[in-house]
file query.txt (compact mmCIF, C-alpha atoms and all ligand atoms)
# COMPACT_ATOMS: atom_id res chain seq x y z
CA MET J 1 0.00 0.00 0.00
CA LYS J 2 2.83 2.43 0.80
CA ASP J 3 3.19 5.14 -1.87
CA LYS J 4 0.44 3.61 -4.01
CA SER J 5 -1.85 6.04 -5.84
CA LEU J 6 -5.60 5.43 -5.75
CA VAL J 7 -7.06 6.55 -9.08
CA SER J 8 -9.52 3.76 -9.97
CA ILE J 9 -11.11 1.43 -7.46
CA ASN J 10 -9.35 -1.57 -9.00
CA ASP J 11 -5.94 0.01 -8.27
CA PHE J 12 -6.39 -1.63 -4.85
CA SER J 13 -6.84 -5.40 -4.68
CA LEU J 14 -9.77 -6.95 -2.84
CA GLU J 15 -7.37 -7.83 -0.03
CA GLU J 16 -6.15 -4.20 0.21
CA ARG J 17 -9.71 -2.86 0.20
CA THR J 18 -10.66 -5.31 2.95
CA GLY J 19 -7.65 -4.12 4.96
CA ILE J 20 -8.71 -0.47 4.55
CA LEU J 21 -12.24 -1.26 5.79
CA LYS J 22 -10.81 -3.02 8.85
CA LEU J 23 -8.43 -0.14 9.58
CA ALA J 24 -11.29 2.37 9.16
CA GLY J 25 -13.14 0.47 11.89
CA GLU J 26 -10.13 0.96 14.19
CA PHE J 27 -10.07 4.71 13.43
CA GLU J 28 -13.78 4.92 14.21
CA GLN J 29 -12.97 3.62 17.70
CA ASN J 30 -10.00 6.00 18.08
CA PRO J 31 -10.12 8.86 15.52
CA ARG J 32 -7.68 11.24 17.26
CA GLN J 33 -4.08 10.07 17.02
CA ASP J 34 -0.87 12.00 16.36
CA ILE J 35 0.52 9.55 13.83
CA LEU J 36 0.81 11.88 10.78
CA LYS J 37 2.44 14.90 12.43
CA GLU J 38 5.50 14.63 10.16
CA TYR J 39 3.37 14.79 7.00
CA VAL J 40 1.80 17.40 4.72
CA VAL J 41 -1.36 16.54 2.80
CA ALA J 42 -2.28 18.67 -0.24
CA THR J 43 -5.90 18.96 -1.34
CA LEU J 44 -6.28 20.35 -4.87
CA PHE J 45 -9.92 20.86 -5.76
CA PHE J 46 -10.52 22.08 -9.30
CA GLU J 47 -14.25 21.37 -8.77
CA PRO J 48 -16.56 22.19 -5.84
CA SER J 49 -16.79 19.84 -2.87
CA THR J 50 -18.07 19.86 0.70
CA ARG J 51 -17.77 16.29 2.00
CA THR J 52 -14.75 14.92 0.16
CA ARG J 53 -12.46 17.86 0.78
CA LEU J 54 -13.54 18.58 4.33
CA SER J 55 -13.56 14.94 5.40
CA PHE J 56 -10.05 14.46 3.97
CA GLU J 57 -8.92 17.62 5.76
CA SER J 58 -10.63 16.53 8.97
CA ALA J 59 -9.11 13.04 8.66
CA ALA J 60 -5.62 14.51 8.15
CA SER J 61 -5.99 17.11 10.93
CA ARG J 62 -7.23 14.57 13.47
CA LEU J 63 -4.11 12.52 12.77
CA GLY J 64 -1.83 15.53 13.23
CA ALA J 65 -0.94 16.21 9.56
CA LYS J 66 -0.68 19.70 8.08
CA VAL J 67 -3.03 20.45 5.19
CA ILE J 68 -2.34 22.80 2.27
CA GLY J 69 -4.19 23.32 -0.99
CA PHE J 70 -6.82 25.25 -2.89
CA THR J 71 -10.57 24.96 -3.23
CA ASP J 72 -10.88 26.80 -6.48
CA ALA J 73 -8.48 26.63 -9.43
CA ALA J 74 -9.18 30.35 -10.04
CA SER J 75 -7.21 31.15 -6.88
CA SER J 76 -4.18 29.18 -8.13
CA SER J 77 -1.72 29.76 -10.99
CA VAL J 78 -3.91 27.52 -13.18
CA LYS J 79 -5.79 30.80 -13.74
CA LYS J 80 -2.59 32.14 -15.38
CA GLY J 81 -2.40 29.15 -17.70
CA GLU J 82 -0.25 26.74 -15.69
CA SER J 83 -0.62 23.13 -16.82
CA LEU J 84 -1.82 20.26 -14.62
CA LYS J 85 1.63 18.66 -14.93
CA ASP J 86 3.40 21.78 -13.68
CA THR J 87 0.88 22.20 -10.86
CA ILE J 88 1.39 18.60 -9.69
CA LEU J 89 5.19 18.76 -9.95
CA THR J 90 5.18 21.99 -7.94
CA VAL J 91 2.75 20.87 -5.21
CA SER J 92 4.62 17.56 -4.84
CA ASN J 93 7.60 19.65 -3.63
CA TYR J 94 5.46 20.91 -0.75
CA SER J 95 3.53 17.78 0.25
CA ASP J 96 3.78 14.03 0.84
CA ILE J 97 0.48 13.08 -0.81
CA ILE J 98 -1.97 14.88 -3.11
CA VAL J 99 -5.75 14.54 -3.00
CA MET J 100 -7.14 15.90 -6.26
CA ARG J 101 -10.59 16.51 -7.74
CA HIS J 102 -10.74 17.60 -11.36
CA PRO J 103 -13.58 17.96 -13.91
CA LYS J 104 -11.75 16.03 -16.62
CA GLU J 105 -11.93 12.22 -16.85
CA GLY J 106 -8.43 10.73 -16.80
CA SER J 107 -6.84 13.76 -15.08
CA ALA J 108 -6.11 11.80 -11.90
CA ARG J 109 -4.43 9.00 -13.85
CA PHE J 110 -2.33 11.58 -15.69
CA ALA J 111 -1.41 13.25 -12.39
CA SER J 112 -0.37 9.88 -10.91
CA GLU J 113 1.90 9.26 -13.90
CA VAL J 114 3.80 12.54 -13.51
CA SER J 115 3.74 12.86 -9.72
CA PRO J 116 6.62 11.75 -7.46
CA VAL J 117 4.14 11.54 -4.53
CA PRO J 118 0.97 9.40 -4.38
CA ILE J 119 -2.23 10.79 -5.88
CA ILE J 120 -5.66 10.10 -4.44
CA ASN J 121 -8.47 10.65 -6.93
CA ALA J 122 -11.22 12.64 -5.23
CA GLY J 123 -13.37 12.47 -8.38
CA ASP J 124 -12.39 12.92 -12.04
CA GLY J 125 -15.29 14.14 -14.14
CA SER J 126 -17.93 11.47 -14.55
CA ASN J 127 -15.35 8.67 -14.37
CA GLN J 128 -14.68 7.44 -10.81
CA HIS J 129 -14.70 8.46 -7.15
CA PRO J 130 -12.85 5.59 -5.45
CA THR J 131 -12.60 7.01 -1.92
CA GLN J 132 -16.38 7.53 -1.93
CA THR J 133 -16.63 3.86 -2.90
CA MET J 134 -14.54 2.86 0.10
CA LEU J 135 -16.82 4.76 2.48
CA ASP J 136 -19.88 3.37 0.69
CA LEU J 137 -18.55 -0.18 1.20
CA TYR J 138 -17.82 0.63 4.84
CA SER J 139 -21.37 1.97 5.29
CA ILE J 140 -22.94 -1.07 3.62
CA GLN J 141 -20.91 -3.49 5.72
CA LYS J 142 -21.67 -1.57 8.91
CA THR J 143 -25.43 -1.47 8.33
CA GLN J 144 -25.93 -4.92 6.81
CA GLY J 145 -23.25 -6.83 8.74
CA LYS J 146 -21.85 -8.15 5.45
CA LEU J 147 -21.01 -7.18 1.88
CA ASN J 148 -21.75 -10.48 0.17
CA GLY J 149 -24.98 -11.42 -1.56
CA LEU J 150 -26.92 -8.16 -1.19
CA GLU J 151 -29.70 -6.72 -3.37
CA ILE J 152 -28.54 -3.20 -4.19
CA ALA J 153 -30.48 -0.58 -6.16
CA PHE J 154 -28.81 2.38 -7.83
CA VAL J 155 -31.26 5.16 -8.58
CA GLY J 156 -30.98 8.30 -10.71
CA ASP J 157 -28.08 9.44 -12.85
CA LEU J 158 -26.21 6.22 -13.57
CA LYS J 159 -24.62 7.69 -16.70
CA TYR J 160 -22.71 10.62 -15.20
CA GLY J 161 -22.62 9.54 -11.53
CA ARG J 162 -18.96 8.72 -10.85
CA THR J 163 -19.76 7.34 -7.40
CA VAL J 164 -22.04 4.79 -9.07
CA HIS J 165 -19.37 3.69 -11.55
CA SER J 166 -16.70 2.91 -8.99
CA LEU J 167 -19.14 1.35 -6.49
CA VAL J 168 -20.70 -0.98 -9.09
CA ILE J 169 -17.21 -2.14 -10.10
CA ALA J 170 -16.24 -2.75 -6.46
CA LEU J 171 -19.48 -4.60 -5.67
CA CYS J 172 -18.76 -7.09 -8.45
CA ASP J 173 -16.41 -8.74 -5.92
CA TYR J 174 -19.29 -9.47 -3.52
CA ASN J 175 -21.85 -11.50 -5.47
CA THR J 176 -24.20 -8.50 -5.59
CA THR J 177 -27.54 -8.51 -7.42
CA PHE J 178 -27.78 -5.11 -9.13
CA HIS J 179 -31.00 -3.16 -9.67
CA LEU J 180 -30.34 -0.24 -12.00
CA ILE J 181 -33.09 2.39 -11.96
CA SER J 182 -32.71 5.37 -14.26
CA PRO J 183 -34.32 7.32 -17.09
CA LEU J 184 -33.47 5.73 -20.44
CA GLU J 185 -31.14 8.68 -21.20
CA LEU J 186 -29.12 8.09 -18.01
CA LYS J 187 -28.50 4.33 -18.05
CA LEU J 188 -25.30 2.84 -16.64
CA PRO J 189 -22.54 3.07 -19.31
CA SER J 190 -21.86 -0.21 -21.07
CA TYR J 191 -18.18 -0.29 -19.97
CA VAL J 192 -19.34 -0.37 -16.34
CA LYS J 193 -22.08 -2.91 -17.07
CA GLN J 194 -19.43 -5.09 -18.68
CA HIS J 195 -17.85 -5.61 -15.23
CA ILE J 196 -21.16 -7.12 -14.03
CA LYS J 197 -21.40 -9.31 -17.13
CA ASP J 198 -17.79 -10.48 -16.85
CA ARG J 199 -18.50 -11.73 -13.32
CA LYS J 200 -21.78 -13.36 -14.49
CA LEU J 201 -23.77 -11.46 -11.85
CA GLU J 202 -27.48 -10.73 -12.06
CA TYR J 203 -28.65 -7.25 -12.99
CA HIS J 204 -32.07 -5.77 -13.71
CA GLN J 205 -32.85 -2.43 -15.33
CA TYR J 206 -35.94 -0.35 -14.52
CA THR J 207 -37.30 3.09 -15.15
CA GLU J 208 -39.66 3.06 -12.11
CA LEU J 209 -38.40 3.17 -8.54
CA GLU J 210 -41.48 1.68 -6.81
CA GLU J 211 -41.18 -1.58 -8.76
CA ALA J 212 -37.83 -2.55 -7.22
CA LEU J 213 -38.05 -1.02 -3.76
CA PRO J 214 -39.61 -3.89 -1.71
CA LYS J 215 -36.77 -6.32 -2.58
CA MET J 216 -33.80 -4.10 -1.69
CA ASP J 217 -31.19 -4.20 1.08
CA ILE J 218 -29.60 -0.91 -0.04
CA LEU J 219 -31.17 1.97 -1.95
CA TYR J 220 -28.35 4.11 -3.37
CA MET J 221 -29.94 7.38 -4.46
CA THR J 222 -28.03 9.83 -6.67
CA ARG J 223 -28.39 13.40 -7.86
CA ILE J 224 -28.97 14.12 -11.54
CA GLN J 225 -25.58 15.65 -12.43
CA LYS J 226 -26.69 18.95 -13.94
CA GLU J 227 -23.10 20.12 -14.52
CA ARG J 228 -22.36 17.21 -16.89
CA PHE J 229 -25.21 17.95 -19.36
CA SER J 230 -24.21 19.82 -22.51
CA ASP J 231 -27.87 20.62 -23.28
CA PRO J 232 -29.87 22.28 -20.44
CA ILE J 233 -33.15 21.13 -22.06
CA GLU J 234 -32.07 17.50 -21.61
CA TYR J 235 -31.45 18.18 -17.92
CA GLU J 236 -34.90 19.77 -17.52
CA LYS J 237 -36.50 16.60 -18.91
CA VAL J 238 -34.99 14.32 -16.25
CA LYS J 239 -34.32 16.53 -13.24
CA ASN J 240 -37.36 15.34 -11.29
CA ALA J 241 -37.23 11.72 -12.46
CA TYR J 242 -37.09 10.22 -8.94
CA ILE J 243 -38.15 11.74 -5.64
CA LEU J 244 -38.03 9.37 -2.67
CA LYS J 245 -40.71 10.13 -0.09
CA ASN J 246 -41.06 8.70 3.40
CA LYS J 247 -44.33 6.96 2.59
CA MET J 248 -42.67 4.97 -0.19
CA LEU J 249 -40.41 3.28 2.38
CA GLU J 250 -43.38 1.53 4.03
CA SER J 251 -43.05 -1.29 1.52
CA ALA J 252 -39.30 -1.68 2.11
CA ARG J 253 -37.47 -4.46 3.93
CA GLU J 254 -36.77 -3.96 7.62
CA ASN J 255 -33.00 -3.89 7.03
CA LEU J 256 -33.09 -1.45 4.09
CA LYS J 257 -30.82 1.57 4.33
CA VAL J 258 -31.01 4.61 2.06
CA LEU J 259 -27.57 5.80 0.99
CA HIS J 260 -26.67 8.87 -1.06
CA PRO J 261 -23.16 10.22 -1.73
CA LEU J 262 -24.65 13.74 -1.37
CA PRO J 263 -25.16 16.56 -2.14
CA ARG J 264 -28.85 16.00 -2.77
CA VAL J 265 -31.06 18.40 -4.66
CA ASN J 266 -34.63 17.10 -4.49
CA GLU J 267 -34.29 13.34 -5.04
CA ILE J 268 -34.80 12.55 -1.35
CA ASN J 269 -37.61 14.43 0.37
CA GLU J 270 -36.61 15.90 3.71
CA ASP J 271 -39.38 13.83 5.36
CA VAL J 272 -37.15 10.77 4.80
CA ASP J 273 -34.38 12.24 7.02
CA SER J 274 -36.03 11.18 10.28
CA ASN J 275 -36.74 7.64 9.06
CA LEU J 276 -34.33 5.12 10.64
CA LYS J 277 -33.69 3.78 7.16
CA ALA J 278 -32.04 7.08 6.15
CA TYR J 279 -28.28 6.64 6.52
CA TYR J 280 -26.75 9.31 4.24
CA PHE J 281 -25.45 11.66 6.94
CA GLN J 282 -23.84 8.80 8.90
CA GLN J 283 -22.43 7.63 5.54
CA ALA J 284 -20.73 11.03 5.13
CA GLN J 285 -19.37 10.76 8.69
CA ASN J 286 -17.87 7.34 7.87
CA GLY J 287 -15.83 9.16 5.21
CA VAL J 288 -13.51 10.55 7.89
CA TYR J 289 -12.53 7.10 9.23
CA VAL J 290 -12.10 5.60 5.77
CA ARG J 291 -9.96 8.54 4.64
CA GLN J 292 -7.86 8.27 7.80
CA ALA J 293 -7.26 4.64 6.86
CA LEU J 294 -6.33 5.59 3.28
CA LEU J 295 -3.96 8.42 4.22
CA SER J 296 -2.16 6.48 6.95
CA SER J 297 -1.72 3.31 4.91
CA ILE J 298 -0.62 5.09 1.69
CA LEU J 299 1.85 7.15 3.73
CA GLY J 300 3.15 3.88 5.18
CA VAL J 301 2.39 4.75 8.79
CA LYS J 302 -0.18 1.94 9.18
CA GLN J 303 0.21 -1.53 7.69
CA ILE J 304 -2.79 -3.39 6.37
N1 LIG J 401 -19.92 12.79 -2.10
C1 LIG J 401 -19.21 13.84 -2.56
O1 LIG J 401 -18.30 13.69 -3.40
O2 LIG J 401 -19.58 15.04 -2.03
P1 LIG J 401 -18.84 16.42 -2.31
O3 LIG J 401 -19.06 16.75 -3.77
O4 LIG J 401 -19.48 17.40 -1.38
O5 LIG J 401 -17.40 16.22 -2.03

call {"tool": "encode", "arguments": {"input": "query.txt", "output": "C-alpha cells", "more": "lines below"}}
Ligand code: CP
result
Amino acid sequence: MKDKSLVSINDFSLEERTGILKLAGEFEQNPRQDILKEYVVATLFFEPSTRTRLSFESAASRLGAKVIGFTDAASSSVKKGESLKDTILTVSNYSDIIVMRHPKEGSARFASEVSPVPIINAGDGSNQHPTQTMLDLYSIQKTQGKLNGLEIAFVGDLKYGRTVHSLVIALCDYNTTFHLISPLELKLPSYVKQHIKDRKLEYHQYTELEEALPKMDILYMTRIQKERFSDPIEYEKVKNAYILKNKMLESARENLKVLHPLPRVNEINEDVDSNLKAYYFQQAQNGVYVRQALLSSILGVKQI
C-alpha cells in the first residue's frame, strides 16, 4: 500500500480494500491520534466539494498532519495558464500526498503518472470516485453486517454519476444482485455494465423506482448531475425523475438503508431524514474514518 496512488477502485486489490475497511473500523474507535504529524497533505480541488475535501482535511488534521491546498483553481496559478503537470510537480515539492478533484476524466491517472508523490483521486469528471466507494462499502458493511450477496439498487443518474461507476465495479467482488433504476437517457454506461457481465452477476434495469423497492437491502440514491449535461433542455426533462418520499419506504425491507453520496437536490424528500432507514449523513461521517485509513496506509504509517 505504501506510496500507491488510488485513481480507480481496482488500483487496490480486494485484499487491500478489505484491509482499509478493517483499519477504518479501528479509526472509528479511536479517531484522534498524532501519527501523521510529520506529513503534509495537499488537497487540490478544481471542482466544488463539501464532503470529500472537508472529510479528507478533517481526517488529516485529526491525525496531526498539516493540510495545504486550494478549493478553487481560479485562486491558483492555473488561472494564469499553468498546466496540470506543472501544478502537480510543484505541489509535490510541498507535500507528501496529493488529494485531487478535477472535472476532466483521466486527469487523476495523468497526475499519478507525472507525480513523485501518491495521488488520491477525489473524483475525475464522470469517471470514478474511489474514496467515496470505500466509504460506501464501509457503510454497507456496517449497516448490513456483510457485503456479500446483497440486493442493491442504484437510482438516478447512472450515466454521469462517478460514485455509481466505482461502487458498481467494487461490488462485483461481492456477489451482488444489481438493480439499475434510471431514465433511459441516463443508463449505466456499457463499460461499467461489462464488469457485471464479466462476473456473471445478475442485474435488472428499470425506469420506475417503486417496482424494485420492496426487494432491496440498499437503496443508493443519486443526484442528476446537472453540470455534466451539454444541453440544459435534456437536464430539464430528467431533473425530477425520482423523488423518494417517506411513505414509499413503508413497503421496504426492515434492514433497508437509504444511501446517497450527497449533495442531494430534491431526489430525497426531507421527510425521509427522520426515518431510521435514512443513513446518508452517517455515511458522510464514515468518510472521515475511511480517509484516515487511506492516508495512513498510503503514507506507510499503518500496515494493512
Ligand atoms: N460525495 C461527494 O463527493 O460530495 P462532495 O461533492 O461534497 O465532495

call {"tool": "atom_distance", "arguments": {"input": "query.txt", "atom1": "atom CA of Ser75 of chain J", "atom2": "atom CA of Thr87 of chain J"}}
result
12.7 Å

call {"tool": "residues_near_ligand", "arguments": {"input": "query.txt", "ligand": "ligand LIG 401 (chain J)", "cutoff": "10 Å", "atoms": "all atoms listed in the file", "output": "mmCIF file with C-alpha atoms, in the frame of the given file"}}
result
data_model
loop_
_atom_site.group_PDB
_atom_site.id
_atom_site.type_symbol
_atom_site.label_atom_id
_atom_site.label_comp_id
_atom_site.auth_asym_id
_atom_site.auth_seq_id
_atom_site.Cartn_x
_atom_site.Cartn_y
_atom_site.Cartn_z
ATOM 1 C CA PHE J 45 -9.920 20.860 -5.760
ATOM 2 C CA GLU J 47 -14.250 21.370 -8.770
ATOM 3 C CA PRO J 48 -16.560 22.190 -5.840
ATOM 4 C CA SER J 49 -16.790 19.840 -2.870
ATOM 5 C CA THR J 50 -18.070 19.860 0.700
ATOM 6 C CA ARG J 51 -17.770 16.290 2.000
ATOM 7 C CA THR J 52 -14.750 14.920 0.160
ATOM 8 C CA ARG J 53 -12.460 17.860 0.780
ATOM 9 C CA LEU J 54 -13.540 18.580 4.330
ATOM 10 C CA SER J 55 -13.560 14.940 5.400
ATOM 11 C CA PHE J 56 -10.050 14.460 3.970
ATOM 12 C CA ARG J 101 -10.590 16.510 -7.740
ATOM 13 C CA ALA J 122 -11.220 12.640 -5.230
ATOM 14 C CA GLY J 123 -13.370 12.470 -8.380
ATOM 15 C CA HIS J 129 -14.700 8.460 -7.150
ATOM 16 C CA PRO J 130 -12.850 5.590 -5.450
ATOM 17 C CA THR J 131 -12.600 7.010 -1.920
ATOM 18 C CA GLN J 132 -16.380 7.530 -1.930
ATOM 19 C CA THR J 133 -16.630 3.860 -2.900
ATOM 20 C CA LEU J 135 -16.820 4.760 2.480
ATOM 21 C CA ASP J 136 -19.880 3.370 0.690
ATOM 22 C CA ARG J 162 -18.960 8.720 -10.850
ATOM 23 C CA THR J 163 -19.760 7.340 -7.400
ATOM 24 C CA THR J 222 -28.030 9.830 -6.670
ATOM 25 C CA HIS J 260 -26.670 8.870 -1.060
ATOM 26 C CA PRO J 261 -23.160 10.220 -1.730
ATOM 27 C CA LEU J 262 -24.650 13.740 -1.370
ATOM 28 C CA PRO J 263 -25.160 16.560 -2.140
ATOM 29 C CA ARG J 264 -28.850 16.000 -2.770
ATOM 30 C CA TYR J 280 -26.750 9.310 4.240
ATOM 31 C CA GLN J 283 -22.430 7.630 5.540
ATOM 32 C CA ALA J 284 -20.730 11.030 5.130
ATOM 33 C CA GLY J 287 -15.830 9.160 5.210
#

call {"tool": "atom_distance", "arguments": {"input": "query.txt", "atom1": "atom CA of Lys79 of chain J", "atom2": "atom CA of Lys4 of chain J"}}
result
29.5 Å

call {"tool": "residues_around", "arguments": {"input": "query.txt", "residues": "Arg17 of chain J", "least_positions_apart": "6", "cutoff": "12 Å", "atoms": "all atoms listed in the file", "output": "JSON, numbers by chain"}}
result
{"J": [1, 6, 9, 10, 11, 23, 24, 130, 131, 133, 134, 135, 136, 137, 138, 170, 171, 173, 290, 293, 294, 297, 304]}

call {"tool": "closest_atom_pairs", "arguments": {"input": "query.txt", "of": "segment 104-192 of chain J", "to": "segment 242-249 of chain J", "cutoff": "9 Å", "atoms": "only C-alpha atoms", "output": "JSON lines"}}
result
{"residue": "J:Val155", "atom": "CA", "partner": "J:Tyr242", "partner_atom": "CA", "distance": 7.7}
{"residue": "J:Gly156", "atom": "CA", "partner": "J:Tyr242", "partner_atom": "CA", "distance": 6.6}
{"residue": "J:Ser182", "atom": "CA", "partner": "J:Tyr242", "partner_atom": "CA", "distance": 8.4}

call {"tool": "atom_distance", "arguments": {"input": "query.txt", "atom1": "atom CA of Gln144 of chain J", "atom2": "atom CA of Asp217 of chain J"}}
result
7.8 Å

call {"tool": "residues_near_point", "arguments": {"input": "query.txt", "point": "(-7.9, 18.4, -13.2)", "cutoff": "9 Å", "atoms": "all atoms listed in the file", "output": "list in words"}}
result
Leu44, Phe45, Phe46, Glu47, Leu84, Met100, Arg101, His102, Pro103, Lys104, Glu105, Gly106, Ser107, Ala108, Ala111, Asp124 and Gly125 of chain J

call {"tool": "residues_around", "arguments": {"input": "query.txt", "residues": "Asn93 of chain J", "least_positions_apart": "2", "cutoff": "10 Å", "atoms": "only C-alpha atoms", "output": "ChimeraX atom specification"}}
result
/J:88-91,95-96,115-117

call {"tool": "closest_residue", "arguments": {"input": "query.txt", "among": "J:Lys159, J:Lys302, J:Arg291, J:Arg253", "to": "Val99 of chain J", "atoms": "all atoms listed in the file"}}
result
J:Arg291

call {"tool": "residues_around", "arguments": {"input": "query.txt", "residues": "Glu151 of chain J", "least_positions_apart": "3", "cutoff": "7 Å", "atoms": "all atoms listed in the file", "output": "count of residues only"}}
result
6

call {"tool": "closest_residue", "arguments": {"input": "query.txt", "among": "J:Val192, J:Met221, J:Ala42, J:Leu14", "to": "Asp157 of chain J", "atoms": "all atoms listed in the file"}}
result
J:Met221

call {"tool": "closest_residue", "arguments": {"input": "query.txt", "among": "J:Ile196, J:Ala59, J:Val41, J:Ile268", "to": "Ile120 of chain J", "atoms": "all atoms listed in the file"}}
result
J:Val41

call {"tool": "axis_aligned_box", "arguments": {"input": "query.txt", "around": "segment 148-164 of chain J", "padding_each_side": "4 Å", "output": "JSON"}}
result
{"center_x": -25.1, "center_y": -0.4, "center_z": -8.3, "size_x": 20.3, "size_y": 30.0, "size_z": 24.9}

call {"tool": "decode", "arguments": {"input": "query.txt", "residues": "segment 26-39 of chain J", "atoms": "N, CA, C and O atoms", "output": "PDB file, in the first residue's frame"}}
result
ATOM      1  N   GLU J  26     -11.000   0.630  13.053  1.00  0.00           N
ATOM      2  CA  GLU J  26     -10.132   0.963  14.190  1.00  0.00           C
ATOM      3  C   GLU J  26     -10.096   2.479  14.400  1.00  0.00           C
ATOM      4  O   GLU J  26     -10.119   2.958  15.531  1.00  0.00           O
ATOM      5  N   PHE J  27     -10.055   3.240  13.290  1.00  0.00           N
ATOM      6  CA  PHE J  27     -10.069   4.706  13.431  1.00  0.00           C
ATOM      7  C   PHE J  27     -11.409   5.195  13.987  1.00  0.00           C
ATOM      8  O   PHE J  27     -11.453   6.198  14.706  1.00  0.00           O
ATOM      9  N   GLU J  28     -12.476   4.505  13.651  1.00  0.00           N
ATOM     10  CA  GLU J  28     -13.777   4.918  14.205  1.00  0.00           C
ATOM     11  C   GLU J  28     -13.759   4.817  15.734  1.00  0.00           C
ATOM     12  O   GLU J  28     -14.332   5.660  16.430  1.00  0.00           O
ATOM     13  N   GLN J  29     -13.073   3.794  16.249  1.00  0.00           N
ATOM     14  CA  GLN J  29     -12.967   3.625  17.705  1.00  0.00           C
ATOM     15  C   GLN J  29     -12.029   4.663  18.321  1.00  0.00           C
ATOM     16  O   GLN J  29     -12.199   5.053  19.462  1.00  0.00           O
ATOM     17  N   ASN J  30     -11.043   5.114  17.536  1.00  0.00           N
ATOM     18  CA  ASN J  30     -10.002   5.998  18.079  1.00  0.00           C
ATOM     19  C   ASN J  30      -9.551   6.979  16.988  1.00  0.00           C
ATOM     20  O   ASN J  30      -8.477   6.850  16.411  1.00  0.00           O
ATOM     21  N   PRO J  31     -10.403   7.999  16.682  1.00  0.00           N
ATOM     22  CA  PRO J  31     -10.121   8.860  15.518  1.00  0.00           C
ATOM     23  C   PRO J  31      -9.061   9.931  15.753  1.00  0.00           C
ATOM     24  O   PRO J  31      -8.612  10.561  14.807  1.00  0.00           O
ATOM     25  N   ARG J  32      -8.669  10.169  16.998  1.00  0.00           N
ATOM     26  CA  ARG J  32      -7.684  11.238  17.262  1.00  0.00           C
ATOM     27  C   ARG J  32      -6.355  10.625  17.677  1.00  0.00           C
ATOM     28  O   ARG J  32      -6.213  10.122  18.789  1.00  0.00           O
ATOM     29  N   GLN J  33      -5.399  10.632  16.755  1.00  0.00           N
ATOM     30  CA  GLN J  33      -4.077  10.075  17.015  1.00  0.00           C
ATOM     31  C   GLN J  33      -3.069  10.998  16.333  1.00  0.00           C
ATOM     32  O   GLN J  33      -3.372  11.579  15.304  1.00  0.00           O
ATOM     33  N   ASP J  34      -1.874  11.047  16.896  1.00  0.00           N
ATOM     34  CA  ASP J  34      -0.874  12.002  16.364  1.00  0.00           C
ATOM     35  C   ASP J  34       0.083  11.329  15.385  1.00  0.00           C
ATOM     36  O   ASP J  34       1.245  11.697  15.322  1.00  0.00           O
ATOM     37  N   ILE J  35      -0.395  10.401  14.590  1.00  0.00           N
ATOM     38  CA  ILE J  35       0.522   9.549  13.829  1.00  0.00           C
ATOM     39  C   ILE J  35       1.015  10.181  12.516  1.00  0.00           C
ATOM     40  O   ILE J  35       1.959   9.688  11.927  1.00  0.00           O
ATOM     41  N   LEU J  36       0.382  11.273  12.056  1.00  0.00           N
ATOM     42  CA  LEU J  36       0.813  11.879  10.780  1.00  0.00           C
ATOM     43  C   LEU J  36       1.443  13.259  10.980  1.00  0.00           C
ATOM     44  O   LEU J  36       1.448  14.072  10.044  1.00  0.00           O
ATOM     45  N   LYS J  37       1.972  13.522  12.176  1.00  0.00           N
ATOM     46  CA  LYS J  37       2.436  14.895  12.430  1.00  0.00           C
ATOM     47  C   LYS J  37       3.668  15.295  11.609  1.00  0.00           C
ATOM     48  O   LYS J  37       3.951  16.460  11.460  1.00  0.00           O
ATOM     49  N   GLU J  38       4.336  14.305  11.016  1.00  0.00           N
ATOM     50  CA  GLU J  38       5.495  14.627  10.159  1.00  0.00           C
ATOM     51  C   GLU J  38       5.077  14.909   8.707  1.00  0.00           C
ATOM     52  O   GLU J  38       5.932  15.188   7.870  1.00  0.00           O
ATOM     53  N   TYR J  39       3.801  14.806   8.406  1.00  0.00           N
ATOM     54  CA  TYR J  39       3.373  14.789   6.998  1.00  0.00           C
ATOM     55  C   TYR J  39       2.545  16.022   6.612  1.00  0.00           C
ATOM     56  O   TYR J  39       1.855  16.610   7.446  1.00  0.00           O
TER      57      TYR J  39
END
